[in-house]
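See structure below.
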Amino acid sequence: MELRPVKVVHPVVDGKEVIVEREDEILTPEALTFLKKLHVNFSGRRAELLRDRHDRRQQLVNGRLPRFLVETKDVREDDSWKVAPLGPGLEDRRVEMTGPTDRKMTINALNSGAAAWMADFEDANTPHWENVIGGQVNLRDAIAGTITFDSPQGKHYELKERDITKLPTLLVRPRGWHLVEKHIMAGKEPMVGALVDFGLYFFHNAKTLIEKGRGPYFYLPKMESHREARLWADVFAYAEEYVGIPHGTIRATCLIETIMAAFEMEEFLYELRDYSAGLNAGRWDYIFSIIKKFRDSGSKYILPDRALVGMTAPMMRAYTELLVKTCHKRGASAIGGMSAFIPSRDASENAEIERKVRADKSREAADGFDGSWCAHPGMVPYIRDEFDKVLGTNPNQISKQRPEVNVTAEDLLNVSATEGAVSEAGVRTNISVSLRYLESWLGGNGAVGIFGLMEDAATAEISRAQIWQWIHNRVKLDDGREVTRELCQSLMDEESAKFKAEIGDDPQRQANLTRAVQIFGDISLQDEFPTFLTVPVYANYVA
C-alpha cells in the first residue's frame with residue numbers, strides 16, 4: 001500500500017467546524033505520521049480479517065457449528081509455553097473500574113480506590129470527535145497528574161495522588177476492528193478506529209508511563225479469531241520499535257466477548273504471549289454475539305428475557321470456567337464480568353443491589369478469577385471485599401489451577417438450557433432501553449444509567465438483537481401471543497411516548513429521540529440485521 005497523506009476532516013455542526021480544545025497537542029505532525037504508518041502496514045490485513053468474519057458467519061448459516069480448531073491443536077496441547085510476566089501494576093487487579101474518558105469520569109475512576117481503571121474509547125464511549133480527541137487530552141493530563149475539572153455547578157475535581165503508581169493502573173480500550181474514524185483520512189480511506197485510539201495514546205504516553213513505573217496497557221475488544229489477536233501482536237511489535245521501547249513492554253488483556261473467541265482462548269494467549277496480561281469475561285457482548293451469530297438458527301438458540309440470562313446459565317458457566325482454567329494454565333490473569341449496577345437513593349434498593357453484586361463476585365472469586373469489573377465507584381468496596389475474602393494478601397490466584405474443568409463445544413453452545421420465558425415486560429424493557437440508550441448516544445454519551453443499570457453499547461446490542469430474533473423466529477410470549485413487528489411497533493409507540501414526556505421541552509433531546517425511534521425501527525423491525533448498531537449510526541447520524 002502506498003504512503004498516502006493524512007488529513008483531519010473536522011465535523012461541521014450548525015455550519016461551524018468542531019475544534020476540540022488542545023487538539024493540536026494530540027494531532028501533531030509526528031503523531032499523524034505514526035498513524036499513517038500504522039494504517040499503511042495493518043489496515044489491509046484488518047480488512048481481510050473482517051471478510052473472514054463474514055465467511056465464518058456464512059458457515060454457521062450453512063450449519064457448520066464453531067469448534068475447537070484442529071489446526072491449532074498443538075498449541076493447546078503444548079504445556080511448555082506461558083505468557084509474559086505480569087507488568088508493573090498488573091499483579092493485583094481484584095477490582096477494575098470501567099468507563100468513558102470524559103474529564104470528570106477520568107478523575108472519579110482514578111480516585112475510586114479500584115486496583116485498575118479501563119479507560120474506554122469503545123462501548124462506553126461515543127465516537128463523536130470531542131470524545132475521541134478530548135479523551136486523549138484527558139488521559140495525557142491524568143498520566144501527568146495535572147488533570148482537574150470544574151463542573152457547571154461549581155464543584156472542583158482533582159486527583160488524590162499525582163504519583164500514578166498510587167492510583168488505579170490505567171488500561172485503555174481502543175475501538176474494535178470493525179469501526180473506522182471518519183475524521184482522519186488516509187487518502188480517500190477513513191482510518192481504522194482501533195489504530196487511531198491505540199496509536200495516539202501509545203505515541204504520546206508510552207515512554208512517560210514507563211518512566212513513571214507503569215506501562216502502555218490495553219484491553220482488546222470484539223475479536224473473533226486468534227488471527228485478529230496476531231494482528232494486534234504485530235501492531236504492538238511495530239509500535240514498540242517505532243518509538244524505541246523494548247519489545248514486550250506493552251501488555252494487553254483480550255476480552256472474550258464473542259462466541260467464536262470462546263473456542264480460541266488459548267490461541268489468543270499464544271498469539272499475544274509476549275504481551276498478554278490475561279483474558280476478560282465480557283459477558284454482555286458475549287450474550288449479544290450468541291444472539292447475533294445464531295439469530296436465524298432456530299429455537300435452540302432463543303434466549304429468554306435479557307434479565308433472566310445470568311452467569312449461572314449452563315452456557316455462561318461453561319464459558320467462565322474454561323476462561324479461568326485457560327488463563328491460569330498459561331500464567332495469565334482471569335478477569336470477571338461487569339457489574340452494571342449503580343447506586344439507588346432508596347436504602348432498601350441499595351441493600352438488594354449490594355446483595356446481588358456480592359453474590360456475583362463471591363462466585364467469581366471462588367471460581368478462581370483474579371479480579372472483576374464494575375461501572376460505578378459505589379460498587380468498588382463490595383467487589384474488593386469479596387475478592388479480599390479469597391485472595392487475602394495475595395495479589396492474585398493464578399496459581400489456582402482448574403484441571404477438573406472439562407468444557408466441550410456442546411457445553412459452550414448449550415443455549416437452550418437457559419431457563420426462563422419471553423414476556424411482554426421483557427419486550428418492553430428491550431425497546432425502552434434501546435430508545436433511551438440511542439437517544440443518549442446520539443447526544444454524545446455512551447454510558448447511561450437506565451432503570452438502575454449502567455447501559456453501554458453492548459447491553460443496547462442485546463436489547464435490539466433479541467427483538468429482531470424473537471420476531472424472525474416467531475417466538476411466543478409467556479401469555480401465548482406471538483412476538484410480531486406489529487406488537488413491537490405498538491409497544492415502541494407507547495415507550496417512546498413515555499420517554500418523550502420525561503424529556504420535556506428540550507428540543508435537542510426530542511430530536512435525538514425522533515432519530516432513535518427511526519434507528520430502532522431500521523435495526524430491529526426490518527429484515528436486515530446490522531452486524532453492529534454503532535456502525536450505521538456513526539456513519540449516518542454523527543457529524
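Please note that chains go A, B, ... in the order of the C-alpha cells, that every chain numbers its residues from 1, and that ligands are numbered from 1 in the order shown.
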**Study point:** All alpha helix (DSSP H) residues (DSSP, backbone) inside stretch 322-539 of chain A, as a count of residues only
**Key:** 123
If you take only C-alpha atoms and a cut-off of 10 Å, which residues of stretch 232-290 of chain A touch stretch 40-55 of chain A, and what are their nearest atom pairs and distances in Å to one decimal, in chain and number order, as JSON lines?
```
{"residue": "A:Trp232", "atom": "CA", "partner": "A:Phe42", "partner_atom": "CA", "distance": 9.2}
{"residue": "A:Asp234", "atom": "CA", "partner": "A:Phe42", "partner_atom": "CA", "distance": 8.6}
{"residue": "A:Val235", "atom": "CA", "partner": "A:Phe42", "partner_atom": "CA", "distance": 7.3}
{"residue": "A:Tyr238", "atom": "CA", "partner": "A:Asn41", "partner_atom": "CA", "distance": 9.2}
{"residue": "A:Met260", "atom": "CA", "partner": "A:Arg53", "partner_atom": "CA", "distance": 9.5}
```
Please produce a file of the residues just selected, as an mmCIF file, in the first residue's frame, where the atoms kept are N, CA and C atoms.
```cif
data_model
loop_
_atom_site.group_PDB
_atom_site.id
_atom_site.type_symbol
_atom_site.label_atom_id
_atom_site.label_comp_id
_atom_site.auth_asym_id
_atom_site.auth_seq_id
_atom_site.Cartn_x
_atom_site.Cartn_y
_atom_site.Cartn_z
ATOM 1 N N TRP A 232 -2.924 -7.716 16.304
ATOM 2 C CA TRP A 232 -2.573 -6.798 17.393
ATOM 3 C C TRP A 232 -1.122 -7.013 17.838
ATOM 4 N N ASP A 234 1.370 -7.936 16.091
ATOM 5 C CA ASP A 234 2.253 -7.322 15.094
ATOM 6 C C ASP A 234 2.214 -5.800 15.187
ATOM 7 N N VAL A 235 1.032 -5.241 15.464
ATOM 8 C CA VAL A 235 0.921 -3.793 15.683
ATOM 9 C C VAL A 235 1.785 -3.377 16.866
ATOM 10 N N TYR A 238 5.563 -3.509 16.062
ATOM 11 C CA TYR A 238 5.934 -2.383 15.199
ATOM 12 C C TYR A 238 5.983 -1.087 15.998
ATOM 13 N N MET A 260 -17.302 -16.960 19.000
ATOM 14 C CA MET A 260 -16.209 -17.550 18.227
ATOM 15 C C MET A 260 -14.904 -17.543 19.020
#
```
**Study point:** Residues near stretch 250-255 of chain A, cut-off 8 Å, only C-alpha atoms, skip fewer than 2 positions along chain, as a ChimeraX atom specification
**Key:** /A:87,215-223,236,240,247-248,257,268,272,275-282
Go ahead and write the residues just picked, N, CA and C atoms, as a JSON list (two decimals), in the first residue's frame.
```json
[["chain", "number", "residue", "atom", "x", "y", "z"],
["A", 87, "GLY", "N", 2.92, -7.23, 34.03],
["A", 87, "GLY", "CA", 3.59, -5.94, 34.01],
["A", 87, "GLY", "C", 3.45, -5.19, 35.31],
["A", 215, "GLY", "N", 3.19, 1.12, 32.44],
["A", 215, "GLY", "CA", 3.46, 0.79, 31.05],
["A", 215, "GLY", "C", 2.24, 1.04, 30.20],
["A", 216, "PRO", "N", 2.39, 0.95, 28.88],
["A", 216, "PRO", "CA", 1.23, 1.10, 28.00],
["A", 216, "PRO", "C", 0.42, -0.19, 27.98],
["A", 217, "TYR", "N", -0.74, -0.13, 28.64],
["A", 217, "TYR", "CA", -1.57, -1.31, 28.83],
["A", 217, "TYR", "C", -2.91, -1.12, 28.13],
["A", 218, "PHE", "N", -3.44, -2.24, 27.58],
["A", 218, "PHE", "CA", -4.63, -2.13, 26.75],
["A", 218, "PHE", "C", -5.61, -3.27, 27.02],
["A", 219, "TYR", "N", -6.86, -3.01, 26.71],
["A", 219, "TYR", "CA", -7.91, -4.02, 26.60],
["A", 219, "TYR", "C", -8.27, -4.12, 25.13],
["A", 220, "LEU", "N", -8.37, -5.32, 24.60],
["A", 220, "LEU", "CA", -8.64, -5.53, 23.18],
["A", 220, "LEU", "C", -10.02, -6.15, 23.00],
["A", 221, "PRO", "N", -10.94, -5.41, 22.34],
["A", 221, "PRO", "CA", -12.34, -5.87, 22.28],
["A", 221, "PRO", "C", -12.72, -6.56, 20.98],
["A", 222, "LYS", "N", -13.84, -7.29, 21.05],
["A", 222, "LYS", "CA", -14.64, -7.73, 19.90],
["A", 222, "LYS", "C", -13.96, -8.70, 18.94],
["A", 223, "MET", "N", -12.83, -9.26, 19.31],
["A", 223, "MET", "CA", -12.15, -10.15, 18.37],
["A", 223, "MET", "C", -12.88, -11.48, 18.24],
["A", 236, "PHE", "N", 1.71, -4.15, 17.94],
["A", 236, "PHE", "CA", 2.48, -3.82, 19.15],
["A", 236, "PHE", "C", 3.99, -3.87, 18.86],
["A", 240, "GLU", "N", 6.37, -0.59, 19.26],
["A", 240, "GLU", "CA", 7.49, -0.54, 20.22],
["A", 240, "GLU", "C", 8.79, -0.17, 19.52],
["A", 247, "HIS", "N", 11.01, -4.54, 23.19],
["A", 247, "HIS", "CA", 9.99, -5.49, 22.76],
["A", 247, "HIS", "C", 9.37, -6.17, 23.98],
["A", 248, "GLY", "N", 8.05, -6.27, 24.00],
["A", 248, "GLY", "CA", 7.37, -6.91, 25.11],
["A", 248, "GLY", "C", 7.05, -5.99, 26.26],
["A", 257, "GLU", "N", -15.46, -11.92, 24.31],
["A", 257, "GLU", "CA", -16.82, -11.42, 24.29],
["A", 257, "GLU", "C", -17.54, -11.74, 22.98],
["A", 268, "PHE", "N", -5.54, -17.17, 21.56],
["A", 268, "PHE", "CA", -5.41, -15.73, 21.81],
["A", 268, "PHE", "C", -4.20, -15.46, 22.69],
["A", 272, "LEU", "N", -0.50, -13.55, 21.55],
["A", 272, "LEU", "CA", -0.09, -12.34, 22.27],
["A", 272, "LEU", "C", 0.83, -12.68, 23.44],
["A", 275, "TYR", "N", 2.93, -10.26, 25.11],
["A", 275, "TYR", "CA", 2.22, -9.06, 25.54],
["A", 275, "TYR", "C", 1.03, -9.34, 26.47],
["A", 276, "SER", "N", 0.66, -10.59, 26.60],
["A", 276, "SER", "CA", -0.63, -10.89, 27.22],
["A", 276, "SER", "C", -0.65, -10.62, 28.71],
["A", 277, "ALA", "N", -1.70, -9.94, 29.15],
["A", 277, "ALA", "CA", -1.95, -9.74, 30.57],
["A", 277, "ALA", "C", -3.14, -10.55, 31.04],
["A", 278, "GLY", "N", -3.78, -11.29, 30.13],
["A", 278, "GLY", "CA", -4.89, -12.13, 30.54],
["A", 278, "GLY", "C", -6.09, -12.03, 29.62],
["A", 279, "LEU", "N", -7.19, -12.62, 30.10],
["A", 279, "LEU", "CA", -8.46, -12.61, 29.40],
["A", 279, "LEU", "C", -9.54, -12.07, 30.33],
["A", 280, "ASN", "N", -10.55, -11.47, 29.74],
["A", 280, "ASN", "CA", -11.69, -10.94, 30.50],
["A", 280, "ASN", "C", -12.98, -11.56, 29.97],
["A", 281, "ALA", "N", -13.86, -11.91, 30.88],
["A", 281, "ALA", "CA", -15.16, -12.48, 30.51],
["A", 281, "ALA", "C", -16.14, -11.33, 30.22],
["A", 282, "GLY", "N", -16.15, -10.88, 28.98],
["A", 282, "GLY", "CA", -17.03, -9.78, 28.58],
["A", 282, "GLY", "C", -18.45, -10.25, 28.39]]
```
With only C-alpha atoms counted and 12 Å as the cut-off, give the residues of stretch 72-167 of chain A in contact with stretch 16-19 of chain A, each with its shortest interatomic distance in Å and the pair that gives it, as a Markdown table.
```
| residue | atom | partner | partner_atom | distance |
| --- | --- | --- | --- | --- |
| A:His128 | CA | A:Val18 | CA | 10.1 |
| A:Trp129 | CA | A:Val18 | CA | 7.8 |
| A:Glu130 | CA | A:Val18 | CA | 7.9 |
| A:Asn131 | CA | A:Ile19 | CA | 11.6 |
| A:Val132 | CA | A:Ile19 | CA | 11.8 |
| A:Ile133 | CA | A:Ile19 | CA | 9.6 |
| A:Gly134 | CA | A:Ile19 | CA | 10.1 |
```
Review point. If you run DSSP on this backbone, which residues of stretch 105-138 of chain A come out as strand (DSSP E), and could you give them as a PyMOL selection string?
Key: chain A and resi 116-120
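Our summary of the geometry notes that atom CA of A:Ala417 is positioned 16.7 Å from atom CA of A:Arg295.
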**Study point:** Contacts of A:Met316 at 10 Å (only C-alpha atoms; same-chain gap of 6+ positions) as a list of chain:residue names
**Key:**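 The contact residues come out as A:Ala281, A:Arg283, A:Tyr286, A:Ile287, A:Val309, A:Gly310, A:Leu322, A:Asp411, A:Leu412, A:Leu413, A:Asn414, A:Val415, A:Thr418.
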Written selection (N, CA and C atoms) as a PDB file, in the first residue's frame:
```pdb
ATOM      1  N   ALA A 281     -13.862 -11.913  30.884  1.00  0.00           N
ATOM      2  CA  ALA A 281     -15.165 -12.477  30.512  1.00  0.00           C
ATOM      3  C   ALA A 281     -16.141 -11.333  30.223  1.00  0.00           C
ATOM      4  N   ARG A 283     -19.169 -10.400  29.465  1.00  0.00           N
ATOM      5  CA  ARG A 283     -20.423 -11.154  29.475  1.00  0.00           C
ATOM      6  C   ARG A 283     -21.500 -10.573  28.569  1.00  0.00           C
ATOM      7  N   TYR A 286     -20.764 -11.000  24.927  1.00  0.00           N
ATOM      8  CA  TYR A 286     -20.781 -12.439  24.658  1.00  0.00           C
ATOM      9  C   TYR A 286     -22.203 -12.907  24.385  1.00  0.00           C
ATOM     10  N   ILE A 287     -23.149 -12.460  25.212  1.00  0.00           N
ATOM     11  CA  ILE A 287     -24.554 -12.814  25.004  1.00  0.00           C
ATOM     12  C   ILE A 287     -25.040 -12.249  23.663  1.00  0.00           C
ATOM     13  N   VAL A 309     -30.941 -13.972  31.780  1.00  0.00           N
ATOM     14  CA  VAL A 309     -29.729 -14.635  31.280  1.00  0.00           C
ATOM     15  C   VAL A 309     -28.577 -14.290  32.219  1.00  0.00           C
ATOM     16  N   GLY A 310     -28.433 -15.094  33.257  1.00  0.00           N
ATOM     17  CA  GLY A 310     -27.416 -14.834  34.271  1.00  0.00           C
ATOM     18  C   GLY A 310     -26.164 -15.661  34.065  1.00  0.00           C
ATOM     19  N   LEU A 322     -14.051 -22.284  31.623  1.00  0.00           N
ATOM     20  CA  LEU A 322     -12.986 -22.504  30.648  1.00  0.00           C
ATOM     21  C   LEU A 322     -12.007 -21.331  30.634  1.00  0.00           C
ATOM     22  N   ASP A 411     -21.055 -27.817  25.401  1.00  0.00           N
ATOM     23  CA  ASP A 411     -21.319 -27.032  26.609  1.00  0.00           C
ATOM     24  C   ASP A 411     -21.400 -25.540  26.284  1.00  0.00           C
ATOM     25  N   LEU A 412     -20.482 -25.060  25.460  1.00  0.00           N
ATOM     26  CA  LEU A 412     -20.474 -23.641  25.114  1.00  0.00           C
ATOM     27  C   LEU A 412     -21.691 -23.247  24.293  1.00  0.00           C
ATOM     28  N   LEU A 413     -22.254 -24.198  23.565  1.00  0.00           N
ATOM     29  CA  LEU A 413     -23.387 -23.909  22.677  1.00  0.00           C
ATOM     30  C   LEU A 413     -24.724 -24.358  23.256  1.00  0.00           C
ATOM     31  N   ASN A 414     -24.735 -24.658  24.536  1.00  0.00           N
ATOM     32  CA  ASN A 414     -25.959 -25.166  25.172  1.00  0.00           C
ATOM     33  C   ASN A 414     -26.893 -24.006  25.546  1.00  0.00           C
ATOM     34  N   VAL A 415     -27.289 -23.246  24.551  1.00  0.00           N
ATOM     35  CA  VAL A 415     -28.121 -22.062  24.761  1.00  0.00           C
ATOM     36  C   VAL A 415     -29.507 -22.446  25.269  1.00  0.00           C
ATOM     37  N   THR A 418     -30.831 -22.478  29.011  1.00  0.00           N
ATOM     38  CA  THR A 418     -31.062 -21.257  29.795  1.00  0.00           C
ATOM     39  C   THR A 418     -32.531 -21.179  30.171  1.00  0.00           C
TER      40      THR A 418
END
```
Practice item. For each of A:Val390, A:Val380, A:Val475, A:Val405, take the minimum atom-to-atom distance to A:Leu323, counting only C-alpha atoms, then give the residue where this is smallest. Key: A:Val405
